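**Student:** Structure file query.csv (CSV, C-alpha atoms) right here:
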chain,number,residue,atom,x,y,z
A,1,MET,CA,-18.2,-12.8,-27.7
A,2,ARG,CA,-17.9,-14.2,-31.3
A,3,ALA,CA,-17.1,-11.7,-34.0
A,4,ASP,CA,-20.5,-12.2,-35.7
A,5,ALA,CA,-22.4,-11.8,-32.3
A,6,LEU,CA,-20.4,-8.6,-31.6
A,7,ARG,CA,-21.2,-7.3,-35.0
A,8,ASN,CA,-24.9,-8.0,-34.5
A,9,ARG,CA,-24.8,-6.3,-31.1
A,10,ASP,CA,-23.1,-3.2,-32.6
A,11,LEU,CA,-25.7,-3.1,-35.4
A,12,LEU,CA,-28.5,-3.2,-32.9
A,13,LEU,CA,-27.0,-0.4,-30.8
A,14,ALA,CA,-26.5,1.8,-33.8
A,15,SER,CA,-30.0,1.1,-35.1
A,16,ALA,CA,-31.6,1.7,-31.7
A,17,SER,CA,-29.7,4.9,-31.2
A,18,SER,CA,-30.9,6.2,-34.6
A,19,LEU,CA,-34.5,5.1,-34.2
A,20,PHE,CA,-34.8,6.4,-30.7
A,21,VAL,CA,-33.9,9.9,-32.0
A,22,THR,CA,-36.1,9.8,-35.1
A,23,GLU,CA,-39.1,7.9,-33.8
A,24,GLY,CA,-38.9,8.0,-30.0
A,25,LEU,CA,-38.2,5.5,-27.3
A,26,GLU,CA,-41.5,3.7,-28.0
A,27,VAL,CA,-40.3,2.5,-31.4
A,28,SER,CA,-41.0,-1.2,-31.7
A,29,LEU,CA,-38.2,-3.7,-31.0
A,30,LYS,CA,-39.1,-5.5,-34.2
A,31,ALA,CA,-38.5,-2.2,-36.1
A,32,ILE,CA,-35.1,-1.9,-34.4
A,33,ALA,CA,-34.2,-5.5,-35.3
A,34,ARG,CA,-35.4,-5.0,-38.9
A,35,HIS,CA,-33.4,-1.8,-39.2
A,36,ALA,CA,-30.3,-3.7,-38.0
A,37,GLY,CA,-30.9,-6.6,-40.4
A,38,VAL,CA,-31.3,-9.2,-37.7
A,39,GLY,CA,-34.1,-11.2,-36.2
A,40,ILE,CA,-36.0,-10.3,-33.1
A,41,GLY,CA,-34.6,-13.3,-31.4
A,42,THR,CA,-31.1,-11.9,-31.9
A,43,LEU,CA,-32.1,-8.7,-30.3
A,44,PHE,CA,-33.5,-10.5,-27.2
A,45,ARG,CA,-30.4,-12.6,-26.8
A,46,HIS,CA,-28.4,-9.4,-26.4
A,47,PHE,CA,-31.0,-7.2,-24.7
A,48,PRO,CA,-33.7,-9.0,-22.7
A,49,SER,CA,-35.9,-5.9,-22.4
A,50,ARG,CA,-36.5,-2.5,-23.9
A,51,GLU,CA,-35.0,-0.9,-20.7
A,52,ALA,CA,-31.8,-3.0,-21.1
A,53,LEU,CA,-31.5,-1.8,-24.7
A,54,ILE,CA,-32.1,1.9,-23.8
A,55,ASP,CA,-29.6,1.7,-20.9
A,56,GLU,CA,-26.9,0.2,-23.1
A,57,VAL,CA,-27.4,2.8,-25.9
A,58,TYR,CA,-27.5,5.6,-23.3
A,59,ARG,CA,-24.5,4.2,-21.4
A,60,THR,CA,-22.4,3.9,-24.6
A,61,GLU,CA,-23.1,7.5,-25.6
A,62,LEU,CA,-22.7,8.9,-22.1
A,63,ALA,CA,-19.3,7.1,-21.8
A,64,ALA,CA,-18.0,9.3,-24.6
A,65,VAL,CA,-19.2,12.4,-22.7
A,66,ALA,CA,-17.6,11.2,-19.5
A,67,ALA,CA,-14.4,10.5,-21.3
A,68,LEU,CA,-14.0,14.2,-21.9
A,69,VAL,CA,-13.1,14.8,-18.2
A,70,PRO,CA,-9.4,14.1,-18.3
A,71,GLY,CA,-8.9,16.3,-21.3
A,72,LEU,CA,-10.8,19.2,-19.9
A,73,LEU,CA,-8.9,19.0,-16.6
A,74,GLY,CA,-5.7,19.1,-18.7
A,75,VAL,CA,-6.7,22.3,-20.4
A,76,PHE,CA,-8.7,24.3,-17.9
A,77,PRO,CA,-8.5,25.0,-14.1
A,78,PRO,CA,-10.8,22.5,-12.3
A,79,ARG,CA,-13.7,24.9,-11.8
A,80,GLU,CA,-13.7,26.0,-15.4
A,81,ALA,CA,-13.3,22.3,-16.5
A,82,LEU,CA,-16.5,21.5,-14.5
A,83,ARG,CA,-18.4,24.3,-16.2
A,84,ALA,CA,-17.1,23.3,-19.7
A,85,TRP,CA,-18.1,19.6,-19.1
A,86,MET,CA,-21.6,20.8,-18.2
A,87,ASP,CA,-21.7,22.5,-21.6
A,88,HIS,CA,-20.7,19.3,-23.4
A,89,TYR,CA,-23.2,17.3,-21.4
A,90,MET,CA,-26.1,19.7,-22.1
A,91,GLU,CA,-25.2,19.9,-25.8
A,92,TYR,CA,-25.5,16.1,-25.9
A,93,MET,CA,-28.8,16.2,-24.1
A,94,THR,CA,-30.4,19.0,-26.1
A,95,THR,CA,-29.2,17.5,-29.4
A,96,ASP,CA,-30.2,13.9,-28.8
A,97,THR,CA,-33.8,14.6,-28.0
A,98,GLY,CA,-34.9,11.0,-28.4
A,99,MET,CA,-32.5,9.7,-25.7
A,100,ALA,CA,-33.1,12.8,-23.5
A,101,VAL,CA,-36.5,11.3,-22.7
A,102,ALA,CA,-34.7,8.6,-20.8
A,103,LEU,CA,-32.9,11.1,-18.7
A,104,ARG,CA,-35.5,11.3,-16.0
A,105,GLU,CA,-35.3,7.6,-15.4
A,106,VAL,CA,-31.5,7.6,-15.4
A,107,VAL,CA,-31.2,10.6,-13.0
A,108,THR,CA,-33.9,9.3,-10.5
A,109,SER,CA,-33.2,5.6,-10.7
A,110,ARG,CA,-31.4,4.1,-7.8
A,111,GLY,CA,-31.1,0.6,-9.2
A,112,LEU,CA,-31.3,-1.4,-12.4
A,113,PRO,CA,-31.7,-1.0,-15.3
A,114,TYR,CA,-30.1,2.4,-15.3
A,115,ALA,CA,-27.6,2.1,-12.5
A,116,ARG,CA,-24.6,1.8,-14.9
A,117,SER,CA,-25.6,4.9,-16.8
A,118,ARG,CA,-26.0,6.8,-13.6
A,119,ALA,CA,-22.7,5.6,-12.3
A,120,ILE,CA,-20.9,6.9,-15.4
A,121,LEU,CA,-22.3,10.3,-14.9
A,122,THR,CA,-21.7,10.5,-11.2
A,123,SER,CA,-18.1,9.3,-11.6
A,124,ALA,CA,-17.4,12.0,-14.1
A,125,ILE,CA,-19.0,14.7,-12.0
A,126,ALA,CA,-17.2,13.4,-8.8
A,127,ALA,CA,-13.8,13.6,-10.5
A,128,LEU,CA,-14.5,17.2,-11.5
A,129,LEU,CA,-15.8,18.2,-8.1
A,130,ASN,CA,-12.9,16.5,-6.3
A,131,GLU,CA,-10.4,18.6,-8.4
A,132,ALA,CA,-12.3,21.8,-7.9
A,133,THR,CA,-12.8,21.4,-4.1
A,134,ALA,CA,-9.1,20.6,-3.7
A,135,GLU,CA,-8.5,24.1,-5.0
A,136,GLY,CA,-10.9,25.5,-2.4
A,137,ASN,CA,-13.2,27.4,-4.8
A,138,ILE,CA,-16.1,24.9,-4.9
A,139,ARG,CA,-18.0,23.8,-1.8
A,140,ASN,CA,-17.1,20.4,-0.6
A,141,ASP,CA,-20.4,19.2,0.7
A,142,VAL,CA,-22.3,18.6,-2.5
A,143,PRO,CA,-22.4,15.0,-3.7
A,144,ALA,CA,-22.2,14.3,-7.4
A,145,ASP,CA,-25.7,12.9,-7.3
A,146,ASP,CA,-27.0,16.4,-6.4
A,147,VAL,CA,-25.2,18.0,-9.3
A,148,LEU,CA,-26.5,15.3,-11.6
A,149,ALA,CA,-30.0,16.0,-10.4
A,150,ALA,CA,-29.6,19.7,-11.0
A,151,LEU,CA,-28.3,19.1,-14.5
A,152,GLY,CA,-31.1,16.7,-15.1
A,153,GLY,CA,-33.6,19.4,-14.1
A,154,ILE,CA,-32.0,21.9,-16.4
A,155,ALA,CA,-32.1,19.5,-19.3
A,156,LEU,CA,-35.7,18.7,-18.7
A,157,ALA,CA,-36.8,22.3,-18.3
A,158,ALA,CA,-34.6,23.8,-21.1
A,159,GLY,CA,-33.8,20.8,-23.2
A,160,ARG,CA,-34.7,22.0,-26.6
A,161,PRO,CA,-32.0,23.3,-29.0
A,162,SER,CA,-33.8,26.7,-29.0
A,163,GLN,CA,-33.4,26.9,-25.2
A,164,ARG,CA,-29.6,26.5,-25.1
A,165,ASP,CA,-29.1,30.1,-24.0
A,166,GLN,CA,-31.5,29.5,-21.1
A,167,ALA,CA,-29.8,26.3,-20.2
A,168,ALA,CA,-26.4,28.1,-20.1
A,169,ARG,CA,-27.9,30.7,-17.8
A,170,LEU,CA,-29.2,28.0,-15.5
A,171,MET,CA,-25.9,26.2,-15.4
A,172,ASN,CA,-24.2,29.5,-14.5
A,173,LEU,CA,-26.6,29.8,-11.6
A,174,LEU,CA,-25.7,26.3,-10.5
A,175,MET,CA,-22.0,27.2,-10.6
A,176,ALA,CA,-22.6,30.5,-8.8
A,177,GLY,CA,-24.5,28.6,-6.1
A,178,LEU,CA,-21.5,26.3,-5.6
A,179,ALA,CA,-19.1,29.2,-5.5
A,180,VAL,CA,-21.1,31.4,-3.1
A,181,ALA,CA,-21.6,28.5,-0.8
A,182,ALA,CA,-17.9,27.8,-0.8
A,183,ALA,CA,-17.2,31.4,0.3
A,184,SER,CA,-19.8,31.1,3.1
A,185,ASP,CA,-18.3,27.8,4.2
A,186,ALA,CA,-14.8,29.3,4.3
A,187,GLY,CA,-16.0,32.2,6.5
A,188,HIS,CA,-17.6,29.8,9.0
A,189,ARG,CA,-14.5,27.6,9.1
A,190,ARG,CA,-12.5,30.7,10.0
A,191,GLY,CA,-14.9,31.5,12.8
A,192,GLY,CA,-16.2,34.5,11.1
A,193,SER,CA,-19.3,35.3,9.1
A,194,VAL,CA,-20.0,36.1,5.6
A,195,ARG,CA,-22.5,39.0,5.0
A,196,PRO,CA,-25.2,38.4,2.5
A,197,LYS,CA,-24.9,40.6,-0.5
Let me see the structure of the file written as structure tokens.
**Tutor:**
Amino acid sequence: MRADALRNRDLLLASASSLFVTEGLEVSLKAIARHAGVGIGTLFRHFPSREALIDEVYRTELAAVAALVPGLLGVFPPREALRAWMDHYMEYMTTDTGMAVALREVVTSRGLPYARSRAILTSAIAALLNEATAEGNIRNDVPADDVLAALGGIALAAGRPSQRDQAARLMNLLMAGLAVAAASDAGHRRGGSVRPK
């Protein structure tokens, strides 16, 4: 991509990200192009649809959240790293309320245009789950998609900044469910049983 085209693309992404937060996802594409200082034709050359633009903005921002995984695993034990990553993810979702509207589509979509955004999240979660299950303190039968769906539900139900305490409690419940199931699975693998508490 030529330097001027790359610059225009970056301007469009920055403008879209800003306007999605302040005006919502339904802000006109013309307004985004005008904010970026380019023509509407330039916008469509880079992003052929509103969904493609939303996905690219969302994917770019989520990539930064996903990139936290190696650092967290380097500082915390895997189970704690998973919980810490959930905090970062939820902070992003509850702060960036404009983009959070797109979460339902990203979490539930199985194809384009949100497949790349979904893949970024599931890959990050899978890396954390793999490390945690290797230690034996997280159940090993939960796919990353299920954890993403649970986090999506939490963000949708308790996604306002004023609900962060509730979101934290719900994430603790999610982690507890994983851990309790791991204990139950371990008991069954040993041929015994785990009494309900």
**Student:** Please identify all polymer residues within 9 Å of Arg50 of chain A, counting only C-alpha atoms, omitting same-chain residues fewer than 4 positions from it, and present them as a VMD selection string.
**Tutor:** chain A and resid 25 to 26 29 54 to 55
**Student:** Smallest atom-to-atom distance to Phe76 of chain A: which of A:Leu11, A:Leu148, A:Leu128, A:Ala16, using all atoms listed in the file?
**Tutor:**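 Nearest to Phe76 of chain A: A:Leu128.
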**Student:** Find the distance between atom CA of Asn172 of chain A and atom CA of Leu151 of chain A and write it in Å to one decimal.
**Tutor:**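 Atom CA of Asn172 of chain A sits 11.2 Å away from atom CA of Leu151 of chain A.
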**Student:** List every protein, DNA or RNA residue that has at least one atom no more than 12 Å from (-34.0, 25.9, -23.1) in the file's coordinates, counting only C-alpha atoms, and write the result as an MDAnalysis selection string.
**Tutor:** chainID A and resid 90:91 93:95 153:171
**Student:** Nearest residue to Ile125 of chain A out of A:Phe20, A:Tyr58, A:Tyr89, A:Phe47, using only C-alpha atoms?
**Tutor:**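 Among the listed residues, the smallest separation from Ile125 of chain A belongs to A:Tyr89.
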**Student:** Pick the closest to Ser15 of chain A from A:Ile138, A:Val27, A:Ala33, A:Val69: which is it, counting all atoms listed in the file?
**Tutor:**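 For Ser15 of chain A, the nearest of the candidates is A:Ala33.
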**Student:** From the options A:Ala66, A:Ala176, A:Leu72, A:Val147, which residue's atoms come nearest to Ser123 of chain A, counting all atoms listed in the file?
**Tutor:** A:Ala66
**Student:** Report, in Å to a single decimal, how far apart atom CA of Pro78 of chain A and atom CA of Arg59 of chain A are.
**Tutor:**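 It comes out at 24.6 Å.
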**Student:** So how many Å separate atom CA of Glu56 of chain A and atom CA of Arg118 of chain A, to one decimal?
**Tutor:** 11.6 Å
**Student:** Step by step: start from the point (-23.3, -10.6, -34.2) in the file's coordinates, keep every protein, DNA or RNA residue that has an atom no farther than 12 Å from it, count all atoms listed in the file, and write the set as a PyMOL selection string.
**Tutor:** chain A and resi 1-13+36-39+41-43+45-46
**Student:** Between A:Ala31, A:Ala127, A:Leu53, A:Met175, single out the one closest to Ala150 of chain A, counting all atoms listed in the file.
**Tutor:**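 Counting all atoms listed in the file, the residue closest to Ala150 of chain A is A:Met175.
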**Student:** Got a sec to write segment 74-86 of chain A of the block to a file, N, CA, C and O atoms, as a compact mmCIF listing (two decimals), in the first residue's frame?
**Tutor:**
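What ended up in selection28.txt:
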# COMPACT_ATOMS: atom_id res chain seq x y z
N GLY A 74 3.62 -14.14 31.65
CA GLY A 74 4.97 -13.99 32.18
C GLY A 74 5.02 -13.49 33.61
O GLY A 74 6.03 -13.62 34.29
N VAL A 75 3.91 -12.92 34.08
CA VAL A 75 3.86 -12.33 35.42
C VAL A 75 3.06 -13.19 36.39
O VAL A 75 3.44 -13.35 37.55
N PHE A 76 1.93 -13.75 35.92
CA PHE A 76 1.01 -14.47 36.79
C PHE A 76 0.99 -15.96 36.46
O PHE A 76 1.27 -16.36 35.33
N PRO A 77 0.60 -16.79 37.42
CA PRO A 77 0.28 -18.19 37.10
C PRO A 77 -0.88 -18.20 36.09
O PRO A 77 -1.67 -17.25 36.05
N PRO A 78 -0.97 -19.25 35.27
CA PRO A 78 -1.95 -19.24 34.18
C PRO A 78 -3.38 -18.92 34.58
O PRO A 78 -4.06 -18.15 33.91
N ARG A 79 -3.87 -19.50 35.68
CA ARG A 79 -5.25 -19.25 36.08
C ARG A 79 -5.44 -17.78 36.44
O ARG A 79 -6.44 -17.16 36.08
N GLU A 80 -4.49 -17.20 37.13
CA GLU A 80 -4.57 -15.78 37.48
C GLU A 80 -4.42 -14.90 36.25
O GLU A 80 -5.03 -13.83 36.16
N ALA A 81 -3.59 -15.35 35.30
CA ALA A 81 -3.43 -14.60 34.06
C ALA A 81 -4.74 -14.56 33.28
O ALA A 81 -5.10 -13.52 32.70
N LEU A 82 -5.46 -15.67 33.26
CA LEU A 82 -6.76 -15.71 32.59
C LEU A 82 -7.72 -14.72 33.22
O LEU A 82 -8.38 -13.95 32.52
N ARG A 83 -7.77 -14.71 34.55
CA ARG A 83 -8.69 -13.78 35.23
C ARG A 83 -8.26 -12.33 35.01
O ARG A 83 -9.10 -11.44 34.81
N ALA A 84 -6.95 -12.07 35.03
CA ALA A 84 -6.46 -10.71 34.81
C ALA A 84 -6.79 -10.25 33.39
O ALA A 84 -7.16 -9.09 33.17
N TRP A 85 -6.67 -11.17 32.42
CA TRP A 85 -7.00 -10.80 31.04
C TRP A 85 -8.48 -10.47 30.91
O TRP A 85 -8.84 -9.53 30.20
N MET A 86 -9.32 -11.21 31.60
CA MET A 86 -10.75 -10.89 31.59
C MET A 86 -11.00 -9.47 32.08
O MET A 86 -11.85 -8.76 31.53
